[in-house]
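Heads up, run-v4.cif below (mmCIF, C-alpha atoms and all ligand atoms):
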data_run
loop_
_atom_site.label_atom_id
_atom_site.label_comp_id
_atom_site.auth_asym_id
_atom_site.auth_seq_id
_atom_site.Cartn_x
_atom_site.Cartn_y
_atom_site.Cartn_z
CA MET A 1 -13.92 -33.12 -5.16
CA PRO A 2 -15.50 -30.64 -2.75
CA ASN A 3 -19.18 -30.98 -2.04
CA PRO A 4 -20.90 -27.74 -3.08
CA PHE A 5 -23.56 -28.30 -0.43
CA GLU A 6 -20.94 -28.28 2.31
CA GLU A 7 -18.59 -25.58 1.13
CA PRO A 8 -19.26 -22.82 -1.36
CA THR A 9 -17.52 -23.54 -4.66
CA SER A 10 -18.86 -20.60 -6.62
CA THR A 11 -16.06 -18.44 -7.95
CA GLY A 12 -18.24 -15.33 -7.94
CA ALA A 13 -18.80 -12.94 -5.08
CA LEU A 14 -22.58 -12.90 -5.59
CA ASP A 15 -24.85 -15.85 -4.82
CA PRO A 16 -25.75 -17.48 -8.16
CA ALA A 17 -29.05 -18.66 -6.72
CA ALA A 18 -30.01 -15.03 -6.23
CA ASN A 19 -29.21 -14.10 -9.83
CA PRO A 20 -32.12 -11.85 -10.84
CA PHE A 21 -31.55 -11.87 -14.60
CA ARG A 22 -33.87 -13.95 -16.74
CA PRO A 23 -32.45 -14.97 -20.11
CA GLY A 24 -35.14 -17.07 -21.71
CA MET A 25 -38.21 -16.74 -23.86
CA GLY A 26 -41.14 -15.09 -22.15
CA ARG A 27 -39.39 -14.65 -18.80
CA VAL A 28 -40.09 -11.42 -16.96
CA PRO A 29 -36.81 -9.47 -16.59
CA PRO A 30 -35.92 -7.87 -13.25
CA ASP A 31 -36.18 -4.46 -14.96
CA PHE A 32 -37.64 -3.52 -18.31
CA GLY A 33 -35.04 -1.22 -19.84
CA GLY A 34 -36.37 1.40 -22.24
CA ARG A 35 -39.98 0.31 -22.17
CA GLU A 36 -41.53 3.21 -20.31
CA PRO A 37 -44.01 4.20 -23.06
CA ALA A 38 -45.11 0.59 -23.55
CA LEU A 39 -45.53 0.04 -19.81
CA ARG A 40 -47.29 3.35 -19.33
CA ARG A 41 -49.82 2.41 -21.99
CA ALA A 42 -50.44 -0.91 -20.27
CA LYS A 43 -50.73 0.73 -16.87
CA VAL A 44 -53.48 3.04 -18.09
CA ALA A 45 -55.37 0.00 -19.36
CA VAL A 46 -54.94 -1.87 -16.07
CA ASP A 47 -55.88 1.17 -13.97
CA ARG A 48 -59.03 1.66 -15.99
CA LEU A 49 -59.96 -1.97 -15.56
CA ALA A 50 -59.34 -1.72 -11.82
CA ARG A 51 -61.96 1.05 -11.83
CA CYS A 52 -64.23 -1.12 -13.91
CA ALA A 53 -64.00 1.07 -17.02
CA ALA A 54 -63.20 0.05 -20.60
CA PRO A 55 -59.67 0.77 -21.87
CA PRO A 56 -58.73 0.97 -25.56
CA PRO A 57 -56.98 -2.11 -26.95
CA VAL A 58 -53.21 -2.05 -27.56
CA LEU A 59 -51.09 -4.07 -29.97
CA TYR A 60 -47.37 -4.46 -29.22
CA ARG A 61 -45.28 -5.43 -32.21
CA GLY A 62 -41.66 -6.39 -32.61
CA VAL A 63 -39.29 -9.11 -33.74
CA ARG A 64 -38.68 -12.23 -31.64
CA GLY A 65 -36.72 -11.62 -28.48
CA VAL A 66 -37.59 -7.95 -27.90
CA GLY A 67 -39.77 -8.77 -24.92
CA LYS A 68 -43.40 -8.95 -26.01
CA THR A 69 -44.30 -12.12 -24.12
CA ALA A 70 -42.45 -10.95 -21.01
CA LEU A 71 -44.24 -7.59 -21.13
CA LEU A 72 -47.66 -9.21 -21.33
CA ALA A 73 -46.78 -11.57 -18.47
CA TYR A 74 -45.61 -8.69 -16.30
CA VAL A 75 -48.72 -6.64 -17.01
CA ARG A 76 -50.93 -9.59 -16.09
CA GLN A 77 -49.09 -9.92 -12.77
CA GLN A 78 -49.65 -6.24 -12.05
CA ALA A 79 -53.29 -6.48 -13.07
CA GLU A 80 -53.88 -9.44 -10.73
CA HIS A 81 -52.40 -7.43 -7.85
CA LEU A 82 -55.08 -4.84 -8.49
CA GLY A 83 -57.86 -7.39 -8.49
CA VAL A 84 -58.28 -7.54 -12.26
CA HIS A 85 -59.03 -10.99 -13.62
CA THR A 86 -56.60 -12.01 -16.37
CA ILE A 87 -56.73 -14.50 -19.21
CA ALA A 88 -53.71 -15.32 -21.39
CA VAL A 89 -54.21 -16.71 -24.88
CA GLU A 90 -51.46 -17.66 -27.31
CA ALA A 91 -52.37 -17.97 -30.97
CA ASP A 92 -51.04 -20.99 -32.79
CA ARG A 93 -51.03 -21.53 -36.53
CA GLY A 94 -51.47 -25.27 -36.14
CA ASP A 95 -54.62 -24.74 -34.11
CA LYS A 96 -56.98 -24.74 -37.09
CA ASP A 97 -60.12 -25.23 -35.02
CA LEU A 98 -58.90 -22.76 -32.42
CA ALA A 99 -59.47 -25.53 -29.91
CA ALA A 100 -56.76 -24.41 -27.49
CA ALA A 101 -57.63 -20.69 -27.67
CA ARG A 102 -61.31 -21.45 -27.29
CA GLU A 103 -60.68 -23.67 -24.29
CA THR A 104 -58.50 -21.05 -22.59
CA LEU A 105 -61.16 -18.41 -23.11
CA ARG A 106 -63.96 -20.70 -21.98
CA ARG A 107 -62.09 -21.66 -18.84
CA GLY A 108 -61.36 -17.99 -18.14
CA ALA A 109 -65.00 -17.08 -18.63
CA ALA A 110 -66.10 -20.00 -16.44
CA ASP A 111 -63.82 -18.81 -13.62
CA VAL A 112 -65.43 -15.39 -13.69
CA ALA A 113 -68.92 -16.81 -14.12
CA HIS A 114 -68.58 -18.78 -10.91
CA ASP A 115 -69.59 -15.73 -8.93
CA ALA A 116 -72.46 -14.80 -11.22
CA ASP A 117 -76.09 -15.47 -10.41
CA GLU A 118 -78.51 -17.27 -12.69
CA ALA A 119 -79.99 -14.14 -14.22
CA VAL A 120 -76.55 -13.02 -15.42
CA LEU A 121 -75.61 -16.48 -16.62
CA ARG A 122 -78.77 -16.70 -18.69
CA ARG A 123 -77.64 -13.62 -20.62
CA CYS A 124 -74.36 -15.34 -21.57
CA ALA A 125 -74.63 -16.88 -25.00
CA SER A 126 -71.64 -19.16 -24.55
CA LEU A 127 -72.04 -20.49 -20.99
CA ARG A 128 -74.51 -22.25 -18.77
CA ARG A 129 -74.50 -23.96 -15.42
CA GLY A 130 -74.37 -27.72 -15.68
CA ARG A 131 -76.27 -30.16 -13.45
CA ASP A 132 -73.41 -30.43 -10.97
CA GLY A 133 -73.11 -26.67 -10.72
CA THR A 134 -69.99 -26.30 -12.86
CA ILE A 135 -69.94 -23.83 -15.72
CA GLU A 136 -70.07 -25.47 -19.12
CA ALA A 137 -69.77 -24.23 -22.67
CA ARG A 138 -72.91 -24.05 -24.72
CA SER A 139 -72.40 -25.53 -28.13
CA THR A 140 -72.42 -22.72 -30.64
CA GLY A 141 -71.60 -22.34 -34.32
CA THR A 142 -68.20 -22.06 -35.91
CA ALA A 143 -64.99 -21.70 -33.92
CA ALA A 144 -64.77 -17.99 -34.76
CA ALA A 145 -68.39 -17.42 -33.74
CA THR A 146 -67.74 -19.20 -30.45
CA ILE A 147 -64.70 -17.04 -29.75
CA GLU A 148 -66.74 -13.91 -30.45
CA ARG A 149 -69.50 -15.04 -28.08
CA ILE A 150 -67.17 -15.94 -25.25
CA VAL A 151 -65.35 -12.59 -25.48
CA ALA A 152 -68.70 -10.79 -25.53
CA ASP A 153 -69.73 -12.78 -22.45
CA LEU A 154 -66.51 -11.82 -20.69
CA GLY A 155 -67.45 -8.16 -21.10
CA LEU A 156 -70.95 -8.86 -19.89
CA LEU A 157 -69.75 -10.79 -16.84
CA GLY A 158 -67.19 -8.12 -15.96
CA ALA A 159 -69.88 -5.43 -16.04
CA ALA A 160 -72.38 -7.52 -14.09
CA LEU A 161 -69.88 -8.46 -11.38
CA GLY A 162 -68.13 -5.10 -11.26
CA ARG A 163 -64.82 -6.73 -12.09
CA GLY A 164 -62.24 -5.73 -14.70
CA ILE A 165 -61.05 -8.46 -17.05
CA LEU A 166 -57.78 -8.32 -18.95
CA LEU A 167 -57.33 -10.51 -21.98
CA THR A 168 -53.84 -10.84 -23.47
CA VAL A 169 -53.23 -12.53 -26.80
CA ASP A 170 -49.67 -13.35 -27.83
CA GLU A 171 -48.42 -14.22 -31.35
CA VAL A 172 -51.50 -12.74 -33.01
CA GLN A 173 -49.91 -13.02 -36.47
CA GLU A 174 -50.57 -16.77 -36.30
CA ALA A 175 -54.34 -16.46 -36.46
CA GLU A 176 -55.43 -13.04 -37.65
CA GLN A 177 -58.59 -13.85 -39.51
CA SER A 178 -59.76 -16.78 -37.42
CA LEU A 179 -58.97 -15.59 -33.89
CA LEU A 180 -57.94 -11.95 -33.80
CA LYS A 181 -60.77 -10.65 -35.94
CA PRO A 182 -63.70 -12.13 -34.00
CA LEU A 183 -61.97 -11.27 -30.74
CA LEU A 184 -61.46 -7.64 -31.71
CA ARG A 185 -64.99 -7.36 -32.98
CA ALA A 186 -66.42 -8.58 -29.69
CA ALA A 187 -64.04 -6.42 -27.66
CA HIS A 188 -65.01 -3.38 -29.73
CA LEU A 189 -68.70 -3.92 -29.01
CA ALA A 190 -67.93 -4.43 -25.33
CA SER A 191 -66.05 -1.14 -25.17
CA GLN A 192 -68.93 0.70 -26.84
CA GLN A 193 -71.05 -0.48 -23.95
CA ASP A 194 -68.27 0.58 -21.56
CA ARG A 195 -67.81 -2.94 -20.29
CA PRO A 196 -64.60 -3.48 -18.29
CA LEU A 197 -62.84 -5.73 -20.77
CA GLY A 198 -59.27 -4.87 -21.75
CA VAL A 199 -57.34 -6.40 -24.62
CA LEU A 200 -53.55 -6.35 -24.94
CA LEU A 201 -52.13 -8.02 -28.03
CA SER A 202 -48.68 -8.78 -29.29
CA GLY A 203 -47.17 -10.07 -32.49
CA LEU A 204 -44.45 -9.80 -35.09
CA PRO A 205 -43.77 -6.41 -36.75
CA SER A 206 -46.38 -6.71 -39.48
CA ALA A 207 -49.01 -8.44 -37.34
CA ALA A 208 -52.60 -7.41 -38.05
CA GLU A 209 -51.50 -5.19 -40.94
CA THR A 210 -54.15 -6.71 -43.22
CA LEU A 211 -56.82 -5.99 -40.62
CA PHE A 212 -55.71 -2.36 -40.48
CA ASP A 213 -55.75 -2.23 -44.28
CA GLU A 214 -59.30 -3.52 -44.30
CA GLY A 215 -60.14 -0.43 -42.26
CA GLN A 216 -62.87 -2.00 -40.15
CA THR A 217 -64.26 0.00 -37.26
CA TYR A 218 -62.91 -2.43 -34.69
CA THR A 219 -59.34 -1.55 -35.62
CA GLU A 220 -59.94 2.21 -35.34
CA ARG A 221 -59.17 2.39 -31.64
CA LEU A 222 -56.50 -0.29 -31.71
CA GLU A 223 -53.27 1.43 -30.78
CA ARG A 224 -50.01 0.10 -32.23
CA LEU A 225 -46.81 0.26 -30.23
CA GLU A 226 -43.57 -0.86 -31.84
CA LEU A 227 -41.02 -2.50 -29.56
CA GLY A 228 -37.52 -2.27 -30.97
CA LEU A 229 -33.99 -2.87 -29.75
CA LEU A 230 -33.03 -1.07 -26.56
CA ASP A 231 -31.14 2.18 -26.90
CA HIS A 232 -28.08 2.85 -24.75
CA ASP A 233 -30.12 4.16 -21.82
CA GLY A 234 -32.45 1.19 -22.06
CA THR A 235 -29.61 -1.32 -21.82
CA VAL A 236 -28.08 0.65 -18.95
CA GLU A 237 -31.35 0.59 -17.01
CA ALA A 238 -31.87 -3.12 -17.59
CA ILE A 239 -28.39 -3.97 -16.26
CA ARG A 240 -27.66 -1.33 -13.65
CA ARG A 241 -30.93 -1.34 -11.73
CA PRO A 242 -31.04 -5.05 -10.78
CA PHE A 243 -27.44 -4.91 -9.49
CA GLU A 244 -28.25 -1.81 -7.47
CA ARG A 245 -31.48 -3.11 -6.01
CA GLU A 246 -30.64 -6.78 -5.45
CA ALA A 247 -26.96 -6.55 -4.47
CA ASP A 248 -26.32 -2.90 -3.73
CA ALA A 249 -23.59 -3.21 -6.36
CA LEU A 250 -22.41 -0.55 -8.78
CA VAL A 251 -21.77 -1.35 -12.43
CA ASP A 252 -18.96 0.66 -14.07
CA ASP A 253 -19.93 2.88 -16.98
CA HIS A 254 -17.41 1.12 -19.22
CA VAL A 255 -19.08 -2.18 -18.51
CA LEU A 256 -22.48 -0.73 -19.36
CA ASP A 257 -21.12 0.70 -22.63
CA LEU A 258 -19.58 -2.64 -23.48
CA VAL A 259 -22.78 -4.56 -22.78
CA HIS A 260 -24.76 -2.22 -25.00
CA GLU A 261 -22.19 -2.42 -27.75
CA GLU A 262 -21.90 -6.20 -27.63
CA SER A 263 -25.61 -6.97 -27.19
CA GLY A 264 -26.77 -4.46 -29.78
CA GLY A 265 -29.58 -3.69 -27.32
CA TYR A 266 -31.23 -7.03 -28.09
CA PRO A 267 -33.12 -7.71 -24.84
CA TRP A 268 -32.43 -11.43 -24.74
CA PHE A 269 -28.68 -10.78 -25.10
CA VAL A 270 -28.89 -8.08 -22.44
CA GLN A 271 -30.32 -10.66 -20.02
CA LEU A 272 -27.52 -13.10 -20.94
CA TRP A 273 -25.00 -10.39 -20.13
CA GLY A 274 -26.66 -9.49 -16.85
CA ALA A 275 -26.76 -13.12 -15.75
CA ALA A 276 -23.11 -13.72 -16.68
CA LEU A 277 -21.92 -10.51 -15.00
CA TRP A 278 -23.67 -11.57 -11.81
CA ASP A 279 -22.20 -15.08 -11.82
CA ASN A 280 -18.68 -13.81 -12.58
CA ALA A 281 -18.55 -10.86 -10.21
CA ARG A 282 -15.25 -10.75 -8.35
CA ALA A 283 -16.38 -8.23 -5.76
CA PRO A 284 -19.82 -8.04 -4.18
CA ASP A 285 -20.24 -4.29 -4.57
CA ARG A 286 -18.67 -3.34 -7.91
CA ILE A 287 -18.79 -4.78 -11.40
CA GLY A 288 -15.74 -3.81 -13.43
CA LEU A 289 -14.18 -4.50 -16.81
CA ALA A 290 -12.31 -7.59 -15.58
CA ASP A 291 -15.67 -9.14 -14.63
CA ALA A 292 -17.07 -8.17 -18.01
CA ARG A 293 -14.24 -9.93 -19.80
CA THR A 294 -14.89 -13.23 -18.03
CA ALA A 295 -18.63 -12.82 -18.47
CA GLY A 296 -18.08 -12.02 -22.13
CA VAL A 297 -16.52 -15.43 -22.80
CA GLU A 298 -19.61 -17.11 -21.40
CA VAL A 299 -22.01 -14.87 -23.32
CA HIS A 300 -20.04 -15.27 -26.52
CA GLU A 301 -20.40 -19.05 -26.35
CA ARG A 302 -24.15 -18.87 -25.82
CA VAL A 303 -24.59 -16.34 -28.63
CA GLN A 304 -22.51 -18.39 -31.08
CA ALA A 305 -24.62 -21.44 -30.34
CA PHE A 306 -27.75 -19.33 -30.78
CA PHE A 307 -26.60 -18.07 -34.19
CA ALA A 308 -25.60 -21.57 -35.33
CA ASP A 309 -29.06 -22.74 -34.32
CA ARG A 310 -30.68 -19.90 -36.24
CA TRP A 311 -28.62 -20.71 -39.28
CA ARG A 312 -30.10 -24.22 -39.29
CA ARG A 313 -33.48 -22.57 -39.84
CA VAL A 314 -32.31 -20.77 -42.99
CA PRO A 315 -33.95 -22.52 -45.95
CA SER A 316 -31.57 -24.02 -48.51
CA GLY A 317 -31.28 -22.80 -52.12
CA ARG A 318 -32.37 -19.21 -52.63
CA GLY A 319 -33.02 -18.76 -48.93
CA THR A 320 -29.33 -19.33 -48.25
CA LEU A 321 -28.27 -17.14 -51.18
CA LEU A 322 -30.45 -14.33 -49.93
CA ALA A 323 -29.27 -14.65 -46.32
CA VAL A 324 -25.60 -14.57 -47.33
CA ALA A 325 -26.16 -11.60 -49.66
CA LEU A 326 -28.00 -9.77 -46.90
CA ALA A 327 -25.13 -10.47 -44.52
CA GLU A 328 -22.68 -9.07 -47.07
CA GLN A 329 -24.78 -5.90 -47.27
CA GLY A 330 -24.48 -5.46 -43.51
CA GLY A 331 -27.73 -7.16 -42.49
CA ASP A 332 -30.17 -4.36 -43.38
CA THR A 333 -30.67 -3.18 -46.93
CA GLU A 334 -33.05 -2.44 -49.83
CA MET A 335 -34.48 -5.47 -51.59
CA GLY A 336 -33.33 -3.75 -54.78
CA ASP A 337 -29.68 -4.07 -53.74
CA LEU A 338 -30.17 -7.77 -53.11
CA THR A 339 -31.84 -8.47 -56.46
CA GLU A 340 -28.98 -6.63 -58.15
CA VAL A 341 -26.22 -8.48 -56.31
CA LEU A 342 -27.87 -11.85 -56.89
CA ASP A 343 -28.94 -10.99 -60.43
CA LEU A 344 -32.45 -12.26 -59.72
CA THR A 345 -35.83 -10.54 -60.08
CA HIS A 346 -38.00 -9.49 -57.14
CA GLN A 347 -40.43 -12.17 -58.18
CA ALA A 348 -37.79 -14.87 -58.18
CA LEU A 349 -36.60 -13.90 -54.70
CA SER A 350 -39.97 -13.28 -53.17
CA PRO A 351 -40.70 -16.85 -51.92
CA ALA A 352 -37.28 -17.05 -50.24
CA ARG A 353 -37.81 -13.62 -48.72
CA ARG A 354 -41.20 -14.61 -47.35
CA ASP A 355 -39.74 -17.82 -45.95
CA LEU A 356 -37.02 -15.93 -44.06
CA VAL A 357 -39.58 -13.53 -42.63
CA GLU A 358 -42.01 -16.28 -41.63
CA ARG A 359 -39.25 -18.17 -39.85
CA GLY A 360 -38.49 -15.07 -37.80
CA LEU A 361 -34.98 -14.69 -39.25
CA CYS A 362 -35.68 -11.48 -41.16
CA TRP A 363 -38.16 -8.65 -41.11
CA ALA A 364 -39.01 -5.59 -43.17
CA PRO A 365 -38.07 -2.45 -41.19
CA ALA A 366 -39.66 -0.43 -44.02
CA ARG A 367 -41.41 -1.18 -47.28
CA GLY A 368 -38.92 -2.72 -49.71
CA ARG A 369 -36.25 -3.31 -47.06
CA LEU A 370 -35.02 -6.54 -45.57
CA ALA A 371 -33.05 -6.94 -42.36
CA PHE A 372 -32.02 -9.65 -39.94
CA THR A 373 -34.04 -9.63 -36.74
CA VAL A 374 -31.12 -10.17 -34.37
CA PRO A 375 -28.11 -7.84 -34.16
CA GLY A 376 -24.81 -9.52 -34.90
CA PHE A 377 -26.21 -12.24 -37.17
CA ALA A 378 -24.79 -10.62 -40.32
CA GLU A 379 -21.32 -10.42 -38.78
CA TRP A 380 -21.59 -14.00 -37.58
CA ILE A 381 -22.45 -15.22 -41.09
CA GLY A 382 -19.56 -13.19 -42.48
CA ARG A 383 -17.15 -14.80 -40.07
CA ALA A 384 -18.47 -18.35 -39.90
CA ARG A 385 -19.57 -18.63 -43.56
CA PRO A 386 -21.82 -21.55 -42.61
CA ASP A 387 -22.95 -21.88 -46.24
CA ARG A 388 -19.48 -23.11 -47.20
CA THR A 389 -19.17 -25.82 -44.61
N1 LIG A 401 -37.07 -4.22 -21.74
C1 LIG A 401 -36.28 -5.27 -21.49
N2 LIG A 401 -35.06 -5.09 -20.94
C2 LIG A 401 -34.27 -6.16 -20.70
N3 LIG A 401 -34.59 -7.41 -20.95
C3 LIG A 401 -35.78 -7.66 -21.49
C4 LIG A 401 -36.69 -6.61 -21.80
N4 LIG A 401 -37.79 -7.14 -22.34
C5 LIG A 401 -37.59 -8.47 -22.39
N5 LIG A 401 -36.39 -8.80 -21.89
C6 LIG A 401 -35.81 -10.17 -21.89
O1 LIG A 401 -35.67 -10.55 -23.26
C7 LIG A 401 -35.90 -11.95 -23.44
C8 LIG A 401 -36.93 -12.18 -24.53
O2 LIG A 401 -38.20 -11.77 -24.10
P1 LIG A 401 -39.54 -12.35 -24.75
O3 LIG A 401 -40.68 -11.78 -23.99
O4 LIG A 401 -39.49 -13.84 -24.87
O5 LIG A 401 -39.50 -11.72 -26.23
P2 LIG A 401 -40.54 -11.92 -27.42
O6 LIG A 401 -41.83 -12.43 -26.84
O7 LIG A 401 -40.68 -10.58 -28.03
O8 LIG A 401 -39.90 -12.91 -28.35
C9 LIG A 401 -36.27 -12.48 -22.05
O9 LIG A 401 -35.12 -13.05 -21.48
C10 LIG A 401 -36.71 -11.24 -21.28
O10 LIG A 401 -36.47 -11.36 -19.91
MG MG A 402 -42.79 -14.21 -27.39
#

Please go through the file and, once you have read it, give me the structure as structure tokens.
Amino acid sequence: MPNPFEEPTSTGALDPAANPFRPGMGRVPPDFGGREPALRRAKVAVDRLARCAAPPPVLYRGVRGVGKTALLAYVRQQAEHLGVHTIAVEADRGDKDLAAARETLRRGAADVAHDADEAVLRRCASLRRGRDGTIEARSTGTAAATIERIVADLGLLGAALGRGILLTVDEVQEAEQSLLKPLLRAAHLASQQDRPLGVLLSGLPSAAETLFDEGQTYTERLERLELGLLDHDGTVEAIRRPFEREADALVDDHVLDLVHEESGGYPWFVQLWGAALWDNARAPDRIGLADARTAGVEVHERVQAFFADRWRRVPSGRGTLLAVALAEQGGDTEMGDLTEVLDLTHQALSPARRDLVERGLCWAPARGRLAFTVPGFAEWIGRARPDRT
């Protein structure tokens, strides 16, 4: 057996260690295909913070795997480059006391407060300097009240120190009333006082909908941006640019068409394709259909395993019935069609429907519709018929 350290064994023409593609949850892709409006919105927020002004809050929504976490991570990197302080919170349904979120916020606030003098610190309701000089949390009321105070203090500290602060909160659907609400309320007050605190949020497609329905003032300025599947140009950008920049290699148009077709523009699949094309490239300067065929075998395996894994999350009983019926209808249809096919009432199907949505397997692209979140899942169910095995 040859030793890979002594002689190159890679079959590809491009160095696999230099592979720029990033298939994996929350990983920043080498290029964001088709996300110009979303990135532009974030850039305005970051630029305002860099000038120590208050930007309006933004909420990015989309199904799992469209790139919300990666987008927030990328924007935080850019913000840090411009001297903006960033804090990343992830909401978690299990976190009933908001302990983790509170701790992340407190630590973030303490970092900023380090440079503040006593007079400023005294104005902070949630912080104080301990005996040994470190910044401690003041004990306050409920978890929600504490969150609200810390976020308010972040605005105050930013203004006092002349420093922009960017707060990102991922998976907001997990804690809308307990975390998102107090946080938005505090951020809203901060922006009225033009304090340099920016808030970028992300969540599933219907995240924060109840807060919008409640029509509170703090949601008035909250801008919603829906992140969907990539269109053809988006997929092309996400694949072509990294090859061009990192390897000076050209990707054939047929390959780009094929990747879009096969991935359905689902960003995670697009990254899988990019990574496999790179590893299987036969020539260092051109990616052709022969490379795509080899890469396709690799991608296909990963995607099949991914679908099989998703299927394991489909609840048994009516959940399975509903998923199979949805697959037979092509993966995106009116709930009315499904009740008819299954000969069940809306009411009878509603718990199964909710279960599928909560597990991230389905979503409602419009009122009264149900669809799978990942392209290709309906076809996979049709072929594999996992309910019969
Ligand atoms: N615009 C994009 N173009 C190409 N790939 C992307 C894009 N956005 C995200 N990705 C990739 O998609 C995958 C899923 O991203 P992630 O941020 O985890 O999605 P989400 O948080 O919405 O579930 C990652 O591999 C990421 O690199
Ligand atoms: Mg995510």

Report task. Go ahead and find all residues with at least one atom no further than 10 Å from (-50.1, -12.6, -29.0) in the file's coordinates, using only C-alpha atoms; report them as an MDAnalysis selection string. Result -> chainID A and resid 59:61 68:69 72 88:92 168:175 180 200:204 207

Serialized selection, C-alpha atoms, as a PDB file, keeping the file's coordinate frame:
ATOM      1  CA  LEU A  59     -51.090  -4.070 -29.970  1.00  0.00           C
ATOM      2  CA  TYR A  60     -47.370  -4.460 -29.220  1.00  0.00           C
ATOM      3  CA  ARG A  61     -45.280  -5.430 -32.210  1.00  0.00           C
ATOM      4  CA  LYS A  68     -43.400  -8.950 -26.010  1.00  0.00           C
ATOM      5  CA  THR A  69     -44.300 -12.120 -24.120  1.00  0.00           C
ATOM      6  CA  LEU A  72     -47.660  -9.210 -21.330  1.00  0.00           C
ATOM      7  CA  ALA A  88     -53.710 -15.320 -21.390  1.00  0.00           C
ATOM      8  CA  VAL A  89     -54.210 -16.710 -24.880  1.00  0.00           C
ATOM      9  CA  GLU A  90     -51.460 -17.660 -27.310  1.00  0.00           C
ATOM     10  CA  ALA A  91     -52.370 -17.970 -30.970  1.00  0.00           C
ATOM     11  CA  ASP A  92     -51.040 -20.990 -32.790  1.00  0.00           C
ATOM     12  CA  THR A 168     -53.840 -10.840 -23.470  1.00  0.00           C
ATOM     13  CA  VAL A 169     -53.230 -12.530 -26.800  1.00  0.00           C
ATOM     14  CA  ASP A 170     -49.670 -13.350 -27.830  1.00  0.00           C
ATOM     15  CA  GLU A 171     -48.420 -14.220 -31.350  1.00  0.00           C
ATOM     16  CA  VAL A 172     -51.500 -12.740 -33.010  1.00  0.00           C
ATOM     17  CA  GLN A 173     -49.910 -13.020 -36.470  1.00  0.00           C
ATOM     18  CA  GLU A 174     -50.570 -16.770 -36.300  1.00  0.00           C
ATOM     19  CA  ALA A 175     -54.340 -16.460 -36.460  1.00  0.00           C
ATOM     20  CA  LEU A 180     -57.940 -11.950 -33.800  1.00  0.00           C
ATOM     21  CA  LEU A 200     -53.550  -6.350 -24.940  1.00  0.00           C
ATOM     22  CA  LEU A 201     -52.130  -8.020 -28.030  1.00  0.00           C
ATOM     23  CA  SER A 202     -48.680  -8.780 -29.290  1.00  0.00           C
ATOM     24  CA  GLY A 203     -47.170 -10.070 -32.490  1.00  0.00           C
ATOM     25  CA  LEU A 204     -44.450  -9.800 -35.090  1.00  0.00           C
ATOM     26  CA  ALA A 207     -49.010  -8.440 -37.340  1.00  0.00           C
TER      27      ALA A 207
END

Report summary line: Closest of A:Arg35, A:Ala159, A:Tyr74, A:Leu167 to Thr104 of chain A, counting only C-alpha atoms, is A:Leu167

Query raised in the report: Residues at most 7 Å from ligand LIG 401 (chain A), using all atoms listed in the file? Could they come as an NGL selection string?
Result: :A and (22-29 or 31-35 or 62-71 or 234-235 or 238 or 267-268 or 270-271)

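Put simply, atom CA of Arg122 of chain A is 23.5 Å away from atom CA of Leu184 of chain A.
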
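Proximity ranking of A:Trp380, A:Ala73, A:Ile150, A:Arg293 relative to ligand MG 402 (chain A) places A:Ala73 first, based on all atoms listed in the file.
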
Any chance you could tabulate, as a tab-separated table, the residues of segment 328-387 of chain A at most 10 Å from segment 248-263 of chain A with each one's nearest atom pair and distance in Å to one decimal, using only C-alpha atoms, in chain and rising number order?
residue	atom	partner	partner_atom	distance
A:Val374	CA	A:Ser263	CA	9.6
A:Pro375	CA	A:Ser263	CA	7.5
A:Gly376	CA	A:Ser263	CA	8.2

Writing out the chosen residues with C-alpha atoms as a compact mmCIF listing (two decimals), in the coordinates of the input:
# COMPACT_ATOMS: atom_id res chain seq x y z
CA VAL A 374 -31.12 -10.17 -34.37
CA PRO A 375 -28.11 -7.84 -34.16
CA GLY A 376 -24.81 -9.52 -34.90

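All residues that come within 6 Å of the coordinates (-41.7, -4.7, -38.4), counting only C-alpha atoms, are given as Pro205, Ser206, Trp363, Ala364 and Pro365 of chain A.
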
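In terms of minimum interatomic distance to Val120 of chain A, A:Gly155 ranks closest within A:Ile87, A:Gly155, A:Gly94, A:Gly141, counting only C-alpha atoms.
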
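Coordinates place atom CA of Leu183 of chain A at a distance of 18.8 Å from atom CA of Val46 of chain A.
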
Query - Separation of atom CA of Ile381 of chain A from atom CA of Val324 of chain A in Å - result: 7.0 Å

Report summary line: The residue from A:Ser350, A:Leu82, A:Arg48, A:Ala144 with the smallest atom-to-atom distance to Arg318 of chain A, counting all atoms listed in the file, is A:Ser350

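Proximity to Glu379 of chain A was assessed for A:Val199, A:Ala352, A:Glu328, A:Ala145 counting only C-alpha atoms; the smallest distance is recorded for A:Glu328.
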
Query raised in the report: Of the residues A:Arg369, A:Arg312, A:His300, A:Arg128, which is the one nearest to Asp332 of chain A, using all atoms listed in the file?
Result: A:Arg369

Query raised in the report: Using only C-alpha atoms, which residues sit within 8 Å of segment 214-221 of chain A once same-chain residues fewer than 4 positions away are excluded, as number ranges by chain?
Result: A: 56-57, 184-185, 188, 210

Expected axis-aligned box over every listed atom of segment 47-63 of chain A, 5 Å added per side, centre plus edges in Å to one decimal, as JSON:
{"center_x": -51.8, "center_y": -3.7, "center_z": -22.8, "size_x": 34.9, "size_y": 20.8, "size_z": 31.9}
